[in-house]
Structure formats: structure tokens, C-alpha cells
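S.K.: First, the structure itself, so that you have it in front of you.
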Amino acid sequence: MAPVLSRSLTPSSLPLFSSKSNTQIKLSSRNAFLHPNGSKSNRFSFSGLKWDVGTRGNSVIVRCEGAAVAEKEATETSGEKFEYQAEVSRLMNLIVHSLYSHKEIFLRELVSNASDALDKLRFLSVTDASLLGDAGELEIRIKPDPEKGTITITDTGIGMTREELIDCLGTIAQSGTSKFLSALKENKDLGSDNSLIGQFGVGFYSAFLVAEKVIVSTKSPRSDKQYVWEAAADSSSYIVREETDPEKQIQRGTEITLYLKDDDKYEFTEPGRVQGLVKNYSQFVSFPIYTWQEKSRTVEVEEEEEPKEGDETPPEGEKKKKTKTEKYWDWELANETKPIWMRNPKEVEKDQYNEFYKKTFNEFLDPLAHTHFTTEGEVEFRSVIYIPGMAPMNNEDVVNPKTKNIRLYVKRVFISDDFDGELFPRYLSFVKGVVDSNDLPLNVSREILQESRIVRIMRKRLVRKTFDMIQELADSENKEDYRKFWENFGKFVKLGCIEDTGNHKRITPLLRFFSSKSEDELISLDQYIDNMDERQNAIYYIATDSLKSAKSAPFLEKLVQKDIEVLYLIEPIDEVAIQNLQTYKEKKFVDVSKEDLELGDADEVKERENKQEYILLCDWMKQQLGDKVAKVQISSRLSSSPCVLVSGKFGWSANMERLMKAQTLGDTSTLEFMRGRRILEVNPDHPIIKDLNAACKNAPDSGEAKRAVDLLYETALISSGFTPDSPAEMGGKIYEMMAVALGGKWGRVEETEGATDSSSETNSDSTSETTETEVVEPSEVRTETDPWSI
């Protein structure tokens with residue numbers, strides 16, 4: 001009733017009553033409780049509620065029927081409760097065929113269940129040793145039978161009673177391991193066991209991926225009877241019975257027999273295939289796993305053949321023996337390799353790390369470096385990661401984040417090696433290693449790592465440890481190891497400059513480049529800064545397609561003259577990587593091929609004089625070149641070249657323009673938009689520029705001077721790293737200038753004239769001396785209509 005009143009009445013809407021004045025009571029009652037027709041009523045409605053009015057002595061009593069309202073609301077909100085129903089056969093079909101992407105997963109799930117059963121027995125035997133009994137060692141055995149088309153997984157674990165069999169296998173999505181862990185947490189005196197694997201309660205049903213019928217025979221040390229659970233793949237029911245056959249009795253544990261489907265009989269009854277799956281998924285399970293394998297051995301047998309004629313007869317009682325190879329079947333341990341990441345790093349030798357790396361990743365070269373660490377706190381996991389000895393042979397692996405270099409384990413059971421950048425970014429995809437955690441967020445099939453805060457923290461710590469390992473390699477005394485690393489994986493690190501801005505501080509010290517002072521050996525940015533002059537406030541670089549073109553670039557002339565070091569960026573990714581860094585240790589990266597290059601010690605007086613002297617030349621050349629250049633100006637970076645073509649601040653450089661043109665899917669419209677403006681800088685101290693300066697003043701309309709300007713621009717285009725729009729047209733201009741330059745040299749013209757004069761004199765002499773008619777050979781006769789006559 002109280003909530004109803006509080007919701008319906010407000011101070012402004014309630015009628016006021018007072019016990020001090022009867023007059024006020026009457027006035028209030030008349031004003032508030034009079035019927036609209038003027039008559040009094042003992043019942044009325046107000047604010048959506050029903051009210052009863054009565055008197056007691058001099059007091060007026062008002063009663064609200066809120067109890068009835070509350071009872072009505074309670075009746076409306078109450079209803080009949082139902083439980084969800086499920087069609088078991090459809091649900092089983094979804095679990096089997098929708099959760100798992102590979103059929104082979106069934107063996108991993110069943111071996112994990114067997115491992116949990118062994119772990120439970122080992123844990124409970126601490127307080128009750130009688131549970132172990134005389135049933136033998138804690139182990140798992142897997143036996144395929146090609147003739148019967150079955151595969152049997154047997155463990156000597158805790159087993160199940162009849163009630164547990166019905167509860168665990170008869171209830172879908174109920175995990176016996178999870179219930180066991182919950183019981184441990186409730187009983188704090190027993191502690192907890194984090195090595196147990198199961199958590200979803202559906203792993204057992206993965207057996208129906210390959211089996212048409214499954215039979216489970218189990219014996220618990222807590223029960224004297226052995227029970228059998230049997231179910232078919234397409235059935236919604238199962239059978240539980242007591243095992244009465246003495247030959248099928250087991251001392252303790254569980255035996256699961258899968259009657260394989262016709263399509264899967266050949267694959268999963270092949271002993272080599274079964275052993276391969278165990279080595280891949282369950283190699284590091286803490287209990288021994290034996291598989292039934294065919295083996296061979298050499299034995300000596302007696303010869304039964306009679307001796308041939310001429311052979312010596314062996315003495316009586318002695319026969320000749322020969323050796324032959326016979327085959328036999330026996331159990332073979334499949335998980336010999338121990339999980340090296342579970343051991344203390346101080347107890348593991350370098351050779352052991354290298355051997356584990358080669359065996360796990362099928363490598364033949366030793367790794368360049370490795371790190372073994374354990375992370376505790378908010379996220380707990382163990383890991384061993386390696387830097388391979390060589391880069392992948394396939395270039396596609398550089399840009400493909402889906403590598404199989406990281407093997408993920410959960411409680412020593414292999415989960416997956418197919419990731420899409422969840423644990424490592426793309427630029428660190430070359431790193432190989434194993435990661436083992438007890439609390440990774442997996443989906444039910446254990447195949448997909450779900451995105452979560454835990455995964456992000458793991459990724460961050462793995463990346464940090466990787467950078468620490470690479471930095472340690474860079475700082476080591478053996479410089480050859482880091483040279484090999486940079487030669488193989490330098491492009492990966494540079495890619496990190498583009499894709500991972502958050503780790504620039506860790507990536508930048510790892511970079512290596514050639515420079516104008518170190519053309520044969522790579523240097524770091526820290527070495528560059530150490531070699532800088534105190535007055536230098538920038539890191540200069542030039543991006544080209546080769547080391548040779550970088551050395552001869554005209555942009556470097558003044559910088560080399562002033563002993564300023566320039567970095568050579570000769571790989572396609574270099575320029576983009578440096579542009580993403582922008583600064584390093586408060587030093588800006590400056591491209592020497594772009595405009596407004598400041599070297600810090602310019603002579604302002606001389607610059608002002610040159611500008612005044614050559615301002616007319618700059619305007620004249622700009623007029624001749626038109627839209628080819630944005631402007632023409634005096635250069636402060638040249639010493640021996642007549643001119644150079646520089647790019648604008650905010651556009652592509654010549655190197656970037658070349659790279660973008662070479663793109664297979666390049667967009668020409670984007671190319672025109674992003675191409676920076678071109679500025680022609682001239683060297684006022686060069687003779688060609690001085691001659692052109694005189695030409696623009698004395699003969700501004702000279703055709704030769706204009707052709708010289710065009711050729712000068714085309715030449716600067718090539719020497720600055722750009723590509724001419726019409727190479728053939730440029731070649732024609734060069735040939736024309738060569739003809740002018742070479743004309744009249746080496747006596748070619750004079751010799752021709754002398755030969756002409758001497759022939760004419762000889763002809764005149766012969767004409768005067770000979771009066772007889774000259775006989776002309778037919779081949780020399782020329783008609784007037786002959787087109788070849790001159």
C-alpha cells in the first residue's frame with residue numbers, strides 16, 4: 001500500500017486537514033469532497049485512487065483502497081513458470097557438427113578427458129591412498145584396430161560410478177571437471193588444481209565426429225562394479241548396463257571404444273596418423289601416452305633348406321643360421337618431449353632451447369635469440385619465443401598475419417597455431433614460440449581465441465618481451481648476429497614504424513641505415529646523433545632506389561661539403577617508415593630533396609645579393625617552363641651541379657612518386673593529386689647559370705637560350721630522381737644540342753671542302769686537255785627523268 005500512495009499522491013494534490021479549527025475542516029471537506037452536483041458522498045475518486053470518507057468525533061477520517069490496488073498489480077505480474085525444452089537429437093547434431101572445424105579434434109578432446117581423470121585420481125590419492133590400489137601406473141593408451149574399424153582410448157584414472165556416468169555423459173554441457181573444481185574451491189583445505197583441462201562439458205561428444213557408435217566402459221575405485229555406457233550417433237537416448245563379462249573387466253579407469261564411420265575408418269585406424277595427432281595436440285600432457293605401433297626387429301633363424309652339392313655338411317646338431325627382419329606390434333611412448341617452458345629458465349641450457357626449437361618448428365638452423373619468461377599477476381602464462389635463423393622464403397609471409405609460428409597451449413594441451421594477429425602484430429609475425437596459459441578465453445571448440453581484455457594484455461606483454469629480446473641482441477658484443485637479424489627481418493621492423501605507433505620508442509633504436517659517412521656499414525640513429533655537430537638540430541635523409549644513386553644525388557653536395565651526415569634510405573619501405581616516426585630524441589627527420597632546406601649557417605648577405613642578381617633570370621626561366629614548375633629560385637644546397645628539382649613540403653618526393661607509379665593497382669587520379677609541386681633551384685656559381693643570366697638580359701628571345709632552359713629542366717628532372725614525361729622528346733633535344741656542340745670539330749667540314757675543290761680542278765684540267773669524245777659506261781648514264789639524279 002505504501003508504494004501506491006507514494007506514487008499517486010503529491011503534497012500539492014492532497015486536501016489539507018487541521019485539528020485546530022472545525023471551520024477549516026468543514027471548508028476543506030466541502031471544497032475537496034463535495035460531489036460535482038453539490039451533494040455529499042462517502043466515496044470519491046482522486047488521483048486515480050478510490051477514497052472513503054468518514055467522521056470520528058470532530059475528526060474526518062480518509063481511507064484509501066490502496067491495498068486492493070496493490071493486490072491487483074501483484075495478480076497481473078504473476079504468471080506460470082516454464083522451462084526451456086530441447087530436441088536432443090538436434091542439439092547433439094549442432095554440438096558435433098557446428099562446434100568443431102576439424103574431425104581430428106576428437107582425439108585431443110578424449111585424451112584431455114583421460115588426462116583430467118588421471119589428475120583427479122592423483123589429487124584425491126593424496127588424502128586417500130587406497131584409491132590407487134594395484135591398478136598400475138597412471139597412463140593413457142590408444143589402440144587403433146584397422147580390421148574392426150575401431151579406436152580405443154584407455155586410461156587408469158578415477159573412473160566413474162553408475163550415478164556419475166549418467167550425470168556426466170547423460171547430461172549435455174555438464175562438465176565433471178568443472179564440478180570437481182567447484183568442490184575444491186568450496187573446500188579450501190584441499191587447495192586447488194589448475195592442471196585440469198575440461199570446462200565446457202561437450203568435449204566427449206566430439207567422438208561422434210568420426211564414430212557411429214561409442215561404448216564407454218568404466219570402473220571407479222569407489223565402486224565394486226563396472227558399468228558400460230553405449231550410444232549411437234543418430235540417437236537421442238543411451239544405454240547404461242553393468243559389465244558382467246570377466247574378459248572385459250578392468251581394474252580401474254575408463255575405456256572408450258569408437259566404432260568409426262566408413263569414411264573415417266582408414267584415416268583414424270592408421271597407427272602413424274594416430275601417433276601424429278597425439279604428438280601435435282597432446283605432446284606435453286603430463287602423463288605418458290602410449291600408442292599401438294608396428295615395429296621391426298632383426299632375428300636369427302635356422303635354415304631349413306637342404307645343402308647344395310659341393311657345400312660342406314654341418315656337424316650333427318648344428319644348423320646354419322641366417323638373419324631376417326620381422327614385424328611385430330608393441331606400445332610406443334608418443335609424448336617423449338617435455339614442456340620446456342614449464343621448467344626453470346636457469347636450469348635449461350642453450351642447446352636444449354635450440355633442440356626444442358628445431359624439433360617443434362621443423363627448422364634446421366639454430367635461432368638467433370630466445371627468451372623464456374613467466375608472467376604473473378592479472379594474467380598468468382608461460383612462454384618461450386625465438387628469433388629464427390633466417391627469414392621466410394615466401395615473401396607473402398611478410399604481409400600475412402596468419403602464420404603458424406605461435407603455438408598456443410592451454411594447460412599443456414595444444415589448441416591452435418592459426419591466428420590472425422591476436423597474440424602478435426603483423427610486423428612481428430616472424431617470431432616463433434609457444435604460449436601456455438591456464439585462463440585463456442576460448443570458445444567452446446577450443447579452436448578460436450576470443451577477443452578480450454586478457455588477450456590484449458597478453459599481446460602487450462609478448463610484444464614487450466620480444467622487443468627486449470631484439471634489443472639485447474642489438475646490444476650484444478657479437479655484432480654479426482644483429483647484422484644477420486637486420487638482413488633477414490629489417491623490413492618487418494620498419495613495418496612496425498607504420499603500423500604500431502604505440503611502440504615507436506622501442507622500434508626506433510633498432511633501426512639501421514647506411515649514411516654518407518658510413519657507406520659500407522649500417523649505423524643506428526643513436527650513432528647518428530652521437531656523430532652530430534652540436535649546432536645541428538635535425539636528422540637529414542634522402543630516399544632513393546639504390547646506394548649508388550644516393551651517393552651521387554645533387555641534393556647532398558652542400559651537406560657533404562659541410563661535413564653533415566645524411567642517411568641513405570634505399571629500400572621502398574624506408575621513406576614511409578621515417579615519415580611515420582617524424583622525430584627521434586627531439587630531432588626532426590628532414591628530407592634533403594624537399595624545399596626550404598635549412599643548414600643553419602647561411603650567409604644572409606650573399607643570399608640577398610644573389611637573389612637580387614638573379615631575380616630576372618628566375619622569372620624568365622619560370623616563364624619559359626610554364627606549369628612544369630611552381631617557381632624557380634636560388635639554391636643553397638648545390639655546389640657543383642647547375643640546378644636541381646626539389647619537391648614541395650607536403651607532396652610526394654621523387655622516390656615516393658616513382659614507387660606509387662609502380663603500384664599494380666595504382667590510381668592515376670590520386671597520383672596527380674598527391675604529386676607535390678616541383679621547384680627548380682639554380683646554382684648561381686655555375687657557368688651555365690651565369691651564361692643563361694646573361695642571355696636573359698641581352699637576348700631574352702634567343703631560341704638557343706630557350707632550348708637550353710628546356711634541356712636544363714629535363715636534365716634536372718632525371719638527376720633529381722624524377723621520370724621525364726616523354727623520354728624520346730628529351731633524347732631529341734640532347735641529340736640536337738650535341739650536333740651543335742660537335743659541329744666543326746676535328747676537321748670534318750674542312751676535309752670535305754678540300755676534297756670538293758681538288759676534284760673540280762682535276763675535272764677542268766682533263767676537260768681542257770682532252771678534246772676527244774668521252775665514252776660513258778651505261779651504268780653511269782643518267783636521264784633527266786631519273787629520280788635518283790642530283
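Starting from 1 in every chain, residues are counted up; chains themselves are A, B, ... following the order of the C-alpha cells, and ligands are numbered from 1 as listed.
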What's around Glu380 of chain A at 12 Å? Count only C-alpha atoms, leave out sequence neighbours fewer than 6 positions away in its own chain, and write the answer as a list in words.

M.R.: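 Close residues of Glu380 of chain A: Asn194, Phe373, Thr374, Val410, Lys411, Val435, Asp436, Ser437, Asn438, Asp439, Leu440, Ile454, Val455, Ile457, Met458 and Arg461 of chain A.
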
S.K.: Would you save the residues of that selection, restricted to N, CA and C atoms, as a compact mmCIF listing (two decimals), in the first residue's frame?

M.R.:
```txt
# COMPACT_ATOMS: atom_id res chain seq x y z
N ASN A 194 45.11 -26.48 -10.89
CA ASN A 194 44.91 -25.74 -12.13
C ASN A 194 45.28 -26.54 -13.37
N PHE A 373 60.19 -16.81 -20.30
CA PHE A 373 59.69 -15.96 -19.21
C PHE A 373 58.35 -16.48 -18.72
N THR A 374 58.03 -16.08 -17.51
CA THR A 374 56.74 -16.38 -16.88
C THR A 374 56.12 -15.07 -16.43
N VAL A 410 46.89 -24.61 -23.81
CA VAL A 410 46.14 -24.34 -22.58
C VAL A 410 46.32 -25.56 -21.68
N LYS A 411 47.02 -25.36 -20.58
CA LYS A 411 47.32 -26.45 -19.64
C LYS A 411 48.02 -27.60 -20.36
N VAL A 435 53.12 -20.48 -26.28
CA VAL A 435 52.48 -19.75 -25.20
C VAL A 435 51.54 -20.71 -24.50
N ASP A 436 51.67 -20.80 -23.18
CA ASP A 436 50.84 -21.72 -22.40
C ASP A 436 50.20 -20.94 -21.26
N SER A 437 48.87 -21.02 -21.19
CA SER A 437 48.15 -20.30 -20.15
C SER A 437 47.02 -21.18 -19.62
N ASN A 438 46.63 -20.92 -18.38
CA ASN A 438 45.55 -21.66 -17.77
C ASN A 438 44.20 -20.97 -17.86
N ASP A 439 44.19 -19.69 -18.21
CA ASP A 439 42.92 -18.95 -18.17
C ASP A 439 42.71 -18.12 -19.43
N LEU A 440 43.02 -18.71 -20.59
CA LEU A 440 42.74 -18.01 -21.83
C LEU A 440 41.26 -18.10 -22.18
N ILE A 454 41.96 -9.87 -21.45
CA ILE A 454 43.09 -10.76 -21.13
C ILE A 454 43.98 -10.96 -22.35
N VAL A 455 43.37 -11.13 -23.51
CA VAL A 455 44.15 -11.32 -24.74
C VAL A 455 44.96 -10.08 -25.06
N ILE A 457 46.11 -7.89 -22.95
CA ILE A 457 47.23 -7.80 -22.00
C ILE A 457 48.33 -8.79 -22.38
N MET A 458 47.94 -9.99 -22.76
CA MET A 458 48.93 -10.98 -23.19
C MET A 458 49.69 -10.50 -24.41
N ARG A 461 52.27 -7.85 -23.46
CA ARG A 461 53.45 -8.36 -22.77
C ARG A 461 54.33 -9.19 -23.69
```

S.K.: Skipping near chain neighbours, those fewer than 5 positions away, what residues fall within 9 Å of segment 280-284 of chain A using only C-alpha atoms, listed as an MDAnalysis selection string?

M.R.: chainID A and resid 105 107:108 111:112 275 289 334:339 409 411:416

S.K.: I need the residues from that last selection saved to file as a tab-separated table (two decimals), in the first residue's frame (with N, CA, C and O atoms), if you can.

M.R.:
```tsv
chain	number	residue	atom	x	y	z
A	105	ILE	N	39.98	-33.31	-34.11
A	105	ILE	CA	39.92	-32.73	-32.77
A	105	ILE	C	39.42	-33.75	-31.74
A	105	ILE	O	39.71	-33.65	-30.55
A	107	LEU	N	40.31	-36.68	-30.97
A	107	LEU	CA	41.35	-37.36	-30.21
A	107	LEU	C	41.93	-36.45	-29.14
A	107	LEU	O	42.21	-36.88	-28.01
A	108	ARG	N	42.09	-35.17	-29.46
A	108	ARG	CA	42.56	-34.21	-28.46
A	108	ARG	C	41.60	-34.12	-27.28
A	108	ARG	O	42.02	-34.10	-26.12
A	111	VAL	N	41.67	-37.44	-25.18
A	111	VAL	CA	42.92	-37.55	-24.42
A	111	VAL	C	42.92	-36.54	-23.27
A	111	VAL	O	43.40	-36.83	-22.16
A	112	SER	N	42.36	-35.36	-23.50
A	112	SER	CA	42.28	-34.35	-22.43
A	112	SER	C	41.36	-34.84	-21.31
A	112	SER	O	41.65	-34.64	-20.13
A	275	GLN	N	49.50	-41.51	-34.08
A	275	GLN	CA	50.65	-41.02	-33.33
A	275	GLN	C	50.96	-39.56	-33.68
A	275	GLN	O	51.34	-38.76	-32.82
A	289	ILE	N	51.62	-41.21	-22.76
A	289	ILE	CA	50.62	-41.65	-23.73
A	289	ILE	C	51.29	-42.68	-24.64
A	289	ILE	O	52.26	-42.37	-25.33
A	334	ALA	N	54.49	-41.85	-27.05
A	334	ALA	CA	54.29	-40.82	-28.08
A	334	ALA	C	54.66	-39.43	-27.62
A	334	ALA	O	54.88	-38.55	-28.45
A	335	ASN	N	54.70	-39.20	-26.32
A	335	ASN	CA	54.98	-37.84	-25.83
A	335	ASN	C	56.27	-37.82	-25.01
A	335	ASN	O	56.26	-37.63	-23.80
A	336	GLU	N	57.38	-38.01	-25.72
A	336	GLU	CA	58.68	-38.02	-25.05
A	336	GLU	C	59.16	-36.62	-24.68
A	336	GLU	O	59.82	-36.42	-23.67
A	337	THR	N	58.85	-35.64	-25.54
A	337	THR	CA	59.33	-34.27	-25.32
A	337	THR	C	58.64	-33.65	-24.12
A	337	THR	O	57.41	-33.67	-24.02
A	338	LYS	N	59.42	-33.10	-23.23
A	338	LYS	CA	58.86	-32.45	-22.05
A	338	LYS	C	58.64	-30.97	-22.33
A	338	LYS	O	59.39	-30.34	-23.08
A	339	PRO	N	57.63	-30.38	-21.75
A	339	PRO	CA	57.37	-28.94	-21.96
A	339	PRO	C	58.47	-28.09	-21.34
A	339	PRO	O	58.52	-27.92	-20.12
A	409	TYR	N	49.04	-23.22	-26.23
A	409	TYR	CA	48.67	-24.34	-25.38
A	409	TYR	C	47.85	-23.82	-24.20
A	409	TYR	O	48.10	-22.72	-23.71
A	411	LYS	N	47.02	-25.36	-20.58
A	411	LYS	CA	47.32	-26.45	-19.64
A	411	LYS	C	48.02	-27.60	-20.36
A	411	LYS	O	47.67	-28.76	-20.23
A	412	ARG	N	49.00	-27.21	-21.20
A	412	ARG	CA	49.90	-28.12	-21.91
A	412	ARG	C	49.22	-28.88	-23.05
A	412	ARG	O	49.81	-29.76	-23.66
A	413	VAL	N	47.98	-28.55	-23.38
A	413	VAL	CA	47.27	-29.17	-24.49
A	413	VAL	C	47.25	-28.19	-25.65
A	413	VAL	O	46.82	-27.04	-25.50
A	414	PHE	N	47.71	-28.63	-26.82
A	414	PHE	CA	47.78	-27.75	-27.98
A	414	PHE	C	46.37	-27.34	-28.42
A	414	PHE	O	45.49	-28.19	-28.58
A	415	ILE	N	46.19	-26.05	-28.63
A	415	ILE	CA	44.89	-25.52	-29.02
A	415	ILE	C	44.90	-25.11	-30.49
A	415	ILE	O	44.09	-25.57	-31.28
A	416	SER	N	45.86	-24.26	-30.87
A	416	SER	CA	45.86	-23.78	-32.24
A	416	SER	C	47.18	-23.09	-32.55
A	416	SER	O	47.89	-22.64	-31.65
```

S.K.: Hey, what's within 12 Å of Glu355 of chain A if we count only C-alpha atoms and toss same-chain stuff fewer than 6 positions away? As a list in words, please?

M.R.: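 Within the cut-off, the hits are Thr337, Lys338, Ile340, Val348, Glu349, Phe361, Asn362, Glu363, Phe364, Leu365, Asp366 and Pro367 of chain A.
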
S.K.: What would the file look like if the residues just selected were written as a PDB file, in the first residue's frame with C-alpha atoms?

M.R.:
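result_26.pdb was written with the following content:
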```pdb
ATOM      1  CA  THR A 337      59.335 -34.273 -25.323  1.00  0.00           C
ATOM      2  CA  LYS A 338      58.860 -32.452 -22.053  1.00  0.00           C
ATOM      3  CA  ILE A 340      60.496 -26.847 -21.702  1.00  0.00           C
ATOM      4  CA  VAL A 348      67.784 -25.124 -19.126  1.00  0.00           C
ATOM      5  CA  GLU A 349      70.880 -24.966 -21.339  1.00  0.00           C
ATOM      6  CA  PHE A 361      59.105 -25.934 -35.742  1.00  0.00           C
ATOM      7  CA  ASN A 362      60.974 -28.315 -38.084  1.00  0.00           C
ATOM      8  CA  GLU A 363      63.900 -25.939 -38.503  1.00  0.00           C
ATOM      9  CA  PHE A 364      67.474 -26.825 -39.382  1.00  0.00           C
ATOM     10  CA  LEU A 365      69.204 -23.587 -38.300  1.00  0.00           C
ATOM     11  CA  ASP A 366      69.732 -22.513 -34.703  1.00  0.00           C
ATOM     12  CA  PRO A 367      67.683 -19.474 -33.655  1.00  0.00           C
TER      13      PRO A 367
END
```

S.K.: Env of Ala135 of chain A: 12 Å cut, atoms = only C-alpha atoms, seq-sep filter 5 positions within chain, self excluded. Answer as a short mmCIF file (atom, residue, chain, number, x, y, z; two decimals) with C-alpha atoms, in the first residue's frame.

M.R.:
```cif
data_model
loop_
_atom_site.label_atom_id
_atom_site.label_comp_id
_atom_site.auth_asym_id
_atom_site.auth_seq_id
_atom_site.Cartn_x
_atom_site.Cartn_y
_atom_site.Cartn_z
CA LEU A 121 42.92 -39.61 -9.11
CA SER A 130 43.64 -46.66 -1.19
CA ASP A 155 43.18 -44.51 -19.04
CA THR A 156 43.84 -45.67 -15.50
CA GLY A 157 42.21 -42.64 -13.93
CA ILE A 158 39.46 -42.15 -11.40
CA GLY A 159 36.71 -43.82 -13.45
CA LYS A 219 35.34 -48.72 -13.20
CA SER A 220 35.65 -46.43 -10.21
CA PRO A 221 37.79 -47.40 -7.18
CA GLN A 249 36.82 -56.35 -16.71
CA ILE A 250 39.28 -53.53 -15.94
CA GLN A 251 40.87 -52.80 -12.59
CA ARG A 252 40.34 -49.04 -12.65
CA GLY A 253 39.75 -46.22 -15.10
#
```

S.K.: So that I can check the secondary structure, give me every residue of segment 492-594 of chain A assigned helix (DSSP H, G or I) by backbone DSSP, as a PDB file with C-alpha atoms, in the first residue's frame.

M.R.:
```
ATOM      1  CA  PHE A 492      59.489  -6.339 -40.580  1.00  0.00           C
ATOM      2  CA  VAL A 493      60.796  -3.852 -38.013  1.00  0.00           C
ATOM      3  CA  LYS A 494      60.336  -0.940 -40.427  1.00  0.00           C
ATOM      4  CA  LEU A 495      56.761  -2.090 -40.993  1.00  0.00           C
ATOM      5  CA  GLY A 496      56.254  -1.670 -37.258  1.00  0.00           C
ATOM      6  CA  CYS A 497      57.052   2.037 -37.600  1.00  0.00           C
ATOM      7  CA  ILE A 498      53.990   2.312 -39.836  1.00  0.00           C
ATOM      8  CA  GLU A 499      51.548   0.011 -38.056  1.00  0.00           C
ATOM      9  CA  THR A 501      52.698   3.987 -33.265  1.00  0.00           C
ATOM     10  CA  GLY A 502      52.450   2.968 -29.614  1.00  0.00           C
ATOM     11  CA  ASN A 503      55.819   1.177 -29.735  1.00  0.00           C
ATOM     12  CA  HIS A 504      57.849   3.775 -31.631  1.00  0.00           C
ATOM     13  CA  LYS A 505      60.158   4.236 -28.641  1.00  0.00           C
ATOM     14  CA  ARG A 506      61.054   0.548 -28.743  1.00  0.00           C
ATOM     15  CA  ILE A 507      61.267   0.233 -32.526  1.00  0.00           C
ATOM     16  CA  THR A 508      63.342   3.316 -33.377  1.00  0.00           C
ATOM     17  CA  PRO A 509      66.584   2.278 -31.566  1.00  0.00           C
ATOM     18  CA  LEU A 510      66.530  -0.959 -33.580  1.00  0.00           C
ATOM     19  CA  LEU A 525      70.024   6.506 -35.126  1.00  0.00           C
ATOM     20  CA  ASP A 526      71.791   6.739 -31.775  1.00  0.00           C
ATOM     21  CA  GLN A 527      75.150   6.570 -33.553  1.00  0.00           C
ATOM     22  CA  TYR A 528      73.989   9.246 -35.989  1.00  0.00           C
ATOM     23  CA  ILE A 529      73.047  11.580 -33.127  1.00  0.00           C
ATOM     24  CA  ASP A 530      76.359  10.916 -31.363  1.00  0.00           C
ATOM     25  CA  ASN A 531      78.206  11.978 -34.544  1.00  0.00           C
ATOM     26  CA  LEU A 547      73.026   3.155 -52.664  1.00  0.00           C
ATOM     27  CA  LYS A 548      74.867   4.339 -55.788  1.00  0.00           C
ATOM     28  CA  SER A 549      72.190   6.852 -56.754  1.00  0.00           C
ATOM     29  CA  ALA A 550      72.097   8.136 -53.178  1.00  0.00           C
ATOM     30  CA  LYS A 551      75.827   8.798 -53.176  1.00  0.00           C
ATOM     31  CA  PRO A 554      72.934  16.522 -56.256  1.00  0.00           C
ATOM     32  CA  PHE A 555      70.928  17.257 -53.076  1.00  0.00           C
ATOM     33  CA  LEU A 556      73.890  16.168 -50.939  1.00  0.00           C
ATOM     34  CA  GLU A 557      76.565  18.452 -52.391  1.00  0.00           C
ATOM     35  CA  LYS A 558      76.475  21.244 -49.841  1.00  0.00           C
ATOM     36  CA  LEU A 559      75.761  18.911 -46.904  1.00  0.00           C
ATOM     37  CA  VAL A 560      78.755  16.714 -47.672  1.00  0.00           C
ATOM     38  CA  GLN A 561      80.868  19.816 -48.139  1.00  0.00           C
ATOM     39  CA  ASP A 574      62.176   3.264 -45.641  1.00  0.00           C
ATOM     40  CA  GLU A 575      60.676   6.625 -46.547  1.00  0.00           C
ATOM     41  CA  VAL A 576      57.189   5.755 -45.291  1.00  0.00           C
ATOM     42  CA  ALA A 577      58.642   4.381 -42.052  1.00  0.00           C
ATOM     43  CA  ILE A 578      60.680   7.534 -41.360  1.00  0.00           C
ATOM     44  CA  GLN A 579      57.726   9.788 -42.156  1.00  0.00           C
ATOM     45  CA  ASN A 580      55.679   7.938 -39.531  1.00  0.00           C
ATOM     46  CA  LEU A 581      58.389   8.468 -36.909  1.00  0.00           C
TER      47      LEU A 581
END
```

S.K.: Atom CA of Leu597 of chain A and atom CA of Glu534 of chain A, how far apart in Å?

M.R.: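 Atom CA of Leu597 of chain A lies 18.2 Å from atom CA of Glu534 of chain A.
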
S.K.: Which residues are near Leu680 of chain A? Cut-off 12 Å, only C-alpha atoms, ignore same chain within fewer than 3 positions. Put them as a PyMOL selection string.

M.R.: chain A and resi 593-595+618-619+621-622+625-635+638+642-648+677+683+709-710+712-717+720

S.K.: Determine which residues of segment 597-736 of chain A DSSP labels as strand (DSSP E or B) from the backbone of this structure, then write them out as JSON, numbers by chain.

M.R.: {"A": [631, 632, 633, 634, 643, 644, 645, 646, 647, 652, 675, 678, 679, 680, 681, 682]}

S.K.: How about saving the chosen residues, C-alpha atoms kept, as a PDB file, in the first residue's frame?

M.R.:
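Saved file out.pdb follows:
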```
ATOM      1  CA  LYS A 631      58.737  28.513 -59.215  1.00  0.00           C
ATOM      2  CA  VAL A 632      62.437  28.997 -59.896  1.00  0.00           C
ATOM      3  CA  GLN A 633      64.707  30.124 -57.064  1.00  0.00           C
ATOM      4  CA  ILE A 634      68.328  30.373 -55.978  1.00  0.00           C
ATOM      5  CA  CYS A 643      70.382  23.068 -60.952  1.00  0.00           C
ATOM      6  CA  VAL A 644      68.179  20.590 -59.111  1.00  0.00           C
ATOM      7  CA  LEU A 645      64.470  19.899 -58.977  1.00  0.00           C
ATOM      8  CA  VAL A 646      63.080  19.717 -55.429  1.00  0.00           C
ATOM      9  CA  SER A 647      59.640  18.700 -54.192  1.00  0.00           C
ATOM     10  CA  TRP A 652      55.392  13.128 -52.636  1.00  0.00           C
ATOM     11  CA  ARG A 675      52.252  14.698 -56.583  1.00  0.00           C
ATOM     12  CA  ARG A 678      58.200  20.979 -58.311  1.00  0.00           C
ATOM     13  CA  ILE A 679      60.607  23.807 -57.654  1.00  0.00           C
ATOM     14  CA  LEU A 680      63.668  24.393 -59.819  1.00  0.00           C
ATOM     15  CA  GLU A 681      66.650  25.595 -57.802  1.00  0.00           C
ATOM     16  CA  VAL A 682      69.640  27.020 -59.703  1.00  0.00           C
TER      17      VAL A 682
END
```

S.K.: When distances are computed from only C-alpha atoms, which of A:Phe722, A:Tyr584, A:Phe650, A:Tyr614 shows the smallest separation from Ile689 of chain A?

M.R.: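 Comparing A:Phe722, A:Tyr584, A:Phe650, A:Tyr614 against Ile689 of chain A, the winner is A:Tyr614.
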
S.K.: What is the distance between atom CA of Lys588 of chain A and atom CA of Asn537 of chain A, in Å to one decimal?

M.R.: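 Calculated distance between atom CA of Lys588 of chain A and atom CA of Asn537 of chain A is 7.4 Å.
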
S.K.: Tell me which protein, DNA and RNA residues are within 12 Å of Trp331 of chain A, counting only C-alpha atoms, leaving out same-chain ones fewer than 5 positions away, and put them as a list in words.

M.R.: Ile140, Arg141, Ile142, Lys143, Pro144, Pro271, Gln275, Pro288, Ile289, Tyr290, Thr291, Trp292, Gln293, Glu294 and Lys295 of chain A

S.K.: Could you check which of A:Thr360, A:Lys745, A:Trp620, A:Ala662 is closest to Ala695 of chain A, using only C-alpha atoms?

M.R.: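 Among the listed residues, A:Trp620 lies closest to Ala695 of chain A.
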
S.K.: So the first atom is atom CA of Gly170 of chain A and the second is atom CA of His102 of chain A; what is the distance between them in Å, to one decimal place?

M.R.: 24.4 Å
